[in-house]
Amino acid sequence: MTAVMAMESVPVDTWHERVHQVKQRGFGFFDFLTAVDRNSFVEVVVHLVREDLSDSYLISTMLSNENLHIDSIETLFPGAGWHEREVGEMFGVKFEGNDMQKLLRHETLGLPPLRKNIVLSARVVTEWPGAAEPEIKQDGRKVGNPSRRRQRPPGAPESWLQQ
Amino acid sequence: MIHSFIALLPDKCTSCMLCVRECPAWCIHLDSHTEEVTDAGARRPKKINVLDSFDIDYSLCMYCGICVDVCPFDALEWDQHRALISDSRADLTLGITQLTSENDSAN
C-alpha cells in the first residue's frame with residue numbers, strides 16, 4: 001500500500017457522522033477498528049482505506065473513562081460489528097446500536113482485560129523467575145547471596161506484585 | 001531458517017539472568033551457583049557462575065525471540081527443530097539436555 005495516511009481526531013458525538021463522510025469521500029474499505037487505553041481516557045480508532053489501496057484515513061475519538069459510550073458504525077460497515085464487540089469485551093466500551101454480545105470471552109469473566117488498571121491475575125499469583133540470583137557456595141555450602149537490590153519484572157506495575 | 005525452537009549452548013551461558021528477566025512470558029527458569037576458581041598465577045581466586053539448570057516452558061513461550069536477542073554471549077539461538085507435541089504440560093518444559101541435544105547449529 002502506498003498510503004499517505006490522513007489522521008483526524010473527532011469529538012465523540014460526531015463520530016458516526018464523520019466516519020460516514022469519510023466513507024463517502026471514497027474510503028470505502030473498512031480495515032480495522034480498535035481502542036487504546038491512554039489512562040485518562042480511551043481512544044477509539046478506525047482505519048479506512050480507498051478501495052484501490054492508494055490512500056488511507058485514520059479517525060480517532062476520545063472517550064472519558066466515566067462515559068464509555070459511542071455510536072456503532074455497523075450500519076456503515078457491517079464488518080465493523082465484530083471489531084466493536086471485541087473492543088467492548090476488551091476495553092469495556094459500549095457501542096450504541098450494536099448488540100454487544102460476547103464474542104471471545106465467557107460471559108461470567110469479569111473486567112475488561114486490556115484496561116491498564118485491571119490486574120492480570122497470572123502476574124500476581126506466579127512467582128517471577130527473574131527474582132532468583134546465583135548463590136555463593138563454598139565446598140557445596142551456601143555462604144552468601146550477592147543480590148543487594150531487589151529486581152523487578154519489566155513492565156509489571158509495582159502495585160501488582162506481592163511483597 | 002524456521003524459527004521453531006530456541007536452543008541453548010550451555011558452555012556460553014554465564015547465568016547472567018538477562019533472558020529470564022526480559023522474557024515477557026516468564027517461561028525461562030534458570031538455577032545457578034557461584035564457585036571460586038583459582039587460576040594458576042592469579043593473585044586471588046575469581047568467582048564464576050555455574051549453571052545448574054535451565055528450563056524453557058514451551059507451553060508459555062510465544063517465540064518472540066527476545067531471549068535470543070538479549071543474550072550477550074549468544075548462548076541462545078534459533079533452531080529449526082519443531083518443539084514437541086505432547087498431551088502433558090510437564091513434557092513441554094525442556095531442560096539443558098533437551099535444549100542442547102535438539103540443537104543442530106552445524107547446519
# chains A, B, ... in the order shown; residues from 1 in each chain; ligands from 1
>>> select_by_dssp(residues="chain A", states="strand (DSSP E or B)", output="MDAnalysis selection string")
chainID A and resid 6:10 29:37 41:49 56:64 69:71 94:96 135:138 141:144
>>> residues_around(residues="Val20 of chain B", least_positions_apart="4", cutoff="12 Å", atoms="only C-alpha atoms", output="ChimeraX atom specification")
/A:128-133,151-154 /B:15-16,24-31,54-57,61,66-68,70-71,76
>>> closest_atom_pairs(of="chain B", to="chain A", cutoff="6 Å", atoms="only C-alpha atoms", output="tab-separated table")
residue	atom	partner	partner_atom	distance
B:Val20	CA	A:Gly130	CA	5.3
B:Arg21	CA	A:Gly130	CA	4.6
B:His29	CA	A:Pro129	CA	5.7
B:Ser32	CA	A:Pro134	CA	5.1
B:His33	CA	A:Pro134	CA	4.5
B:Thr34	CA	A:Ile136	CA	4.5
B:Glu35	CA	A:Lys137	CA	5.9
>>> write_last_selection(atoms="all heavy atoms", output="mmCIF file, in the first residue's frame")
data_model
loop_
_atom_site.group_PDB
_atom_site.id
_atom_site.type_symbol
_atom_site.label_atom_id
_atom_site.label_comp_id
_atom_site.auth_asym_id
_atom_site.auth_seq_id
_atom_site.Cartn_x
_atom_site.Cartn_y
_atom_site.Cartn_z
ATOM 1 N N VAL B 20 16.050 -14.525 31.415
ATOM 2 C CA VAL B 20 14.966 -14.837 32.354
ATOM 3 C C VAL B 20 14.190 -13.570 32.688
ATOM 4 O O VAL B 20 12.966 -13.559 32.749
ATOM 5 C CB VAL B 20 15.546 -15.457 33.632
ATOM 6 C CG1 VAL B 20 14.445 -15.807 34.604
ATOM 7 C CG2 VAL B 20 16.371 -16.677 33.313
ATOM 8 N N ARG B 21 14.924 -12.474 32.891
ATOM 9 C CA ARG B 21 14.268 -11.236 33.320
ATOM 10 C C ARG B 21 13.568 -10.527 32.179
ATOM 11 O O ARG B 21 12.595 -9.804 32.391
ATOM 12 C CB ARG B 21 15.295 -10.309 33.977
ATOM 13 C CG ARG B 21 15.719 -10.893 35.302
ATOM 14 C CD ARG B 21 16.691 -10.057 36.069
ATOM 15 N NE ARG B 21 16.992 -10.776 37.305
ATOM 16 C CZ ARG B 21 18.177 -10.865 37.845
ATOM 17 N NH1 ARG B 21 19.209 -10.267 37.285
ATOM 18 N NH2 ARG B 21 18.344 -11.546 38.948
ATOM 19 N N HIS B 29 13.335 -20.594 33.300
ATOM 20 C CA HIS B 29 13.762 -20.746 34.694
ATOM 21 C C HIS B 29 15.223 -21.160 34.697
ATOM 22 O O HIS B 29 15.596 -22.103 33.994
ATOM 23 C CB HIS B 29 12.916 -21.790 35.420
ATOM 24 C CG HIS B 29 11.537 -21.299 35.706
ATOM 25 N ND1 HIS B 29 11.121 -20.848 36.932
ATOM 26 C CD2 HIS B 29 10.470 -21.152 34.881
ATOM 27 C CE1 HIS B 29 9.877 -20.459 36.872
ATOM 28 N NE2 HIS B 29 9.443 -20.634 35.636
ATOM 29 N N SER B 32 21.484 -21.428 39.269
ATOM 30 C CA SER B 32 22.942 -21.432 39.167
ATOM 31 C C SER B 32 23.536 -21.200 40.554
ATOM 32 O O SER B 32 22.838 -20.839 41.487
ATOM 33 C CB SER B 32 23.404 -20.320 38.226
ATOM 34 O OG SER B 32 23.052 -19.071 38.771
ATOM 35 N N HIS B 33 24.827 -21.408 40.663
ATOM 36 C CA HIS B 33 25.513 -21.045 41.897
ATOM 37 C C HIS B 33 26.889 -20.492 41.555
ATOM 38 O O HIS B 33 27.376 -20.640 40.425
ATOM 39 C CB HIS B 33 25.620 -22.251 42.834
ATOM 40 C CG HIS B 33 26.513 -23.338 42.325
ATOM 41 N ND1 HIS B 33 26.054 -24.344 41.518
ATOM 42 C CD2 HIS B 33 27.829 -23.565 42.489
ATOM 43 C CE1 HIS B 33 27.060 -25.158 41.208
ATOM 44 N NE2 HIS B 33 28.152 -24.702 41.783
ATOM 45 N N THR B 34 27.485 -19.825 42.526
ATOM 46 C CA THR B 34 28.792 -19.207 42.308
ATOM 47 C C THR B 34 29.877 -20.081 42.925
ATOM 48 O O THR B 34 29.710 -20.582 44.034
ATOM 49 C CB THR B 34 28.831 -17.818 42.965
ATOM 50 O OG1 THR B 34 27.653 -17.124 42.589
ATOM 51 C CG2 THR B 34 30.024 -17.028 42.498
ATOM 52 N N GLU B 35 30.925 -20.256 42.195
ATOM 53 C CA GLU B 35 32.066 -21.015 42.734
ATOM 54 C C GLU B 35 33.323 -20.171 42.619
ATOM 55 O O GLU B 35 33.434 -19.340 41.725
ATOM 56 C CB GLU B 35 32.260 -22.318 41.940
ATOM 57 C CG GLU B 35 31.333 -23.429 42.383
ATOM 58 C CD GLU B 35 31.534 -24.681 41.572
ATOM 59 O OE1 GLU B 35 32.483 -24.716 40.744
ATOM 60 O OE2 GLU B 35 30.748 -25.617 41.750
#
>>> residues_around(residues="Val124 of chain A", least_positions_apart="3", cutoff="10 Å", atoms="only C-alpha atoms", output="NGL selection string")
:A and (119-121 or 127-128 or 156 or 159-162)
>>> residues_around(residues="Asn98 of chain A", least_positions_apart="2", cutoff="8 Å", atoms="only C-alpha atoms", output="VMD selection string")
chain A and resid 72 74 81 84 to 85 95 to 96 100
>>> write_last_selection(atoms="C-alpha atoms", output="compact mmCIF listing (two decimals), in the first residue's frame")
# COMPACT_ATOMS: atom_id res chain seq x y z
CA SER A 72 -21.84 1.98 16.43
CA GLU A 74 -22.02 -1.23 11.99
CA GLY A 81 -19.61 -5.13 14.19
CA GLU A 84 -16.80 -3.29 18.11
CA ARG A 85 -17.80 -6.35 20.09
CA PHE A 95 -21.25 0.75 21.12
CA GLU A 96 -24.82 2.07 20.85
CA MET A 100 -22.60 -6.21 22.05
>>> closest_residue(among="A:Glu8, A:Glu89, A:Asp52, A:Asp13", to="Leu111 of chain A", atoms="only C-alpha atoms")
A:Glu89
>>> atom_distance(atom1="atom CA of Glu17 of chain A", atom2="atom CA of Ile73 of chain A")
9.3 Å
>>> select_by_dssp(residues="segment 26-105 of chain A", states="alpha helix (DSSP H)", output="list in words")
Ala80, Gly81, Trp82, His83, Glu84, Arg85, Glu86, Val87, Gly88, Glu89, Met90 and Phe91 of chain A
>>> residues_around(residues="Phe29 of chain A", least_positions_apart="5", cutoff="8 Å", atoms="only C-alpha atoms", output="MDAnalysis selection string")
chainID A and resid 48:51
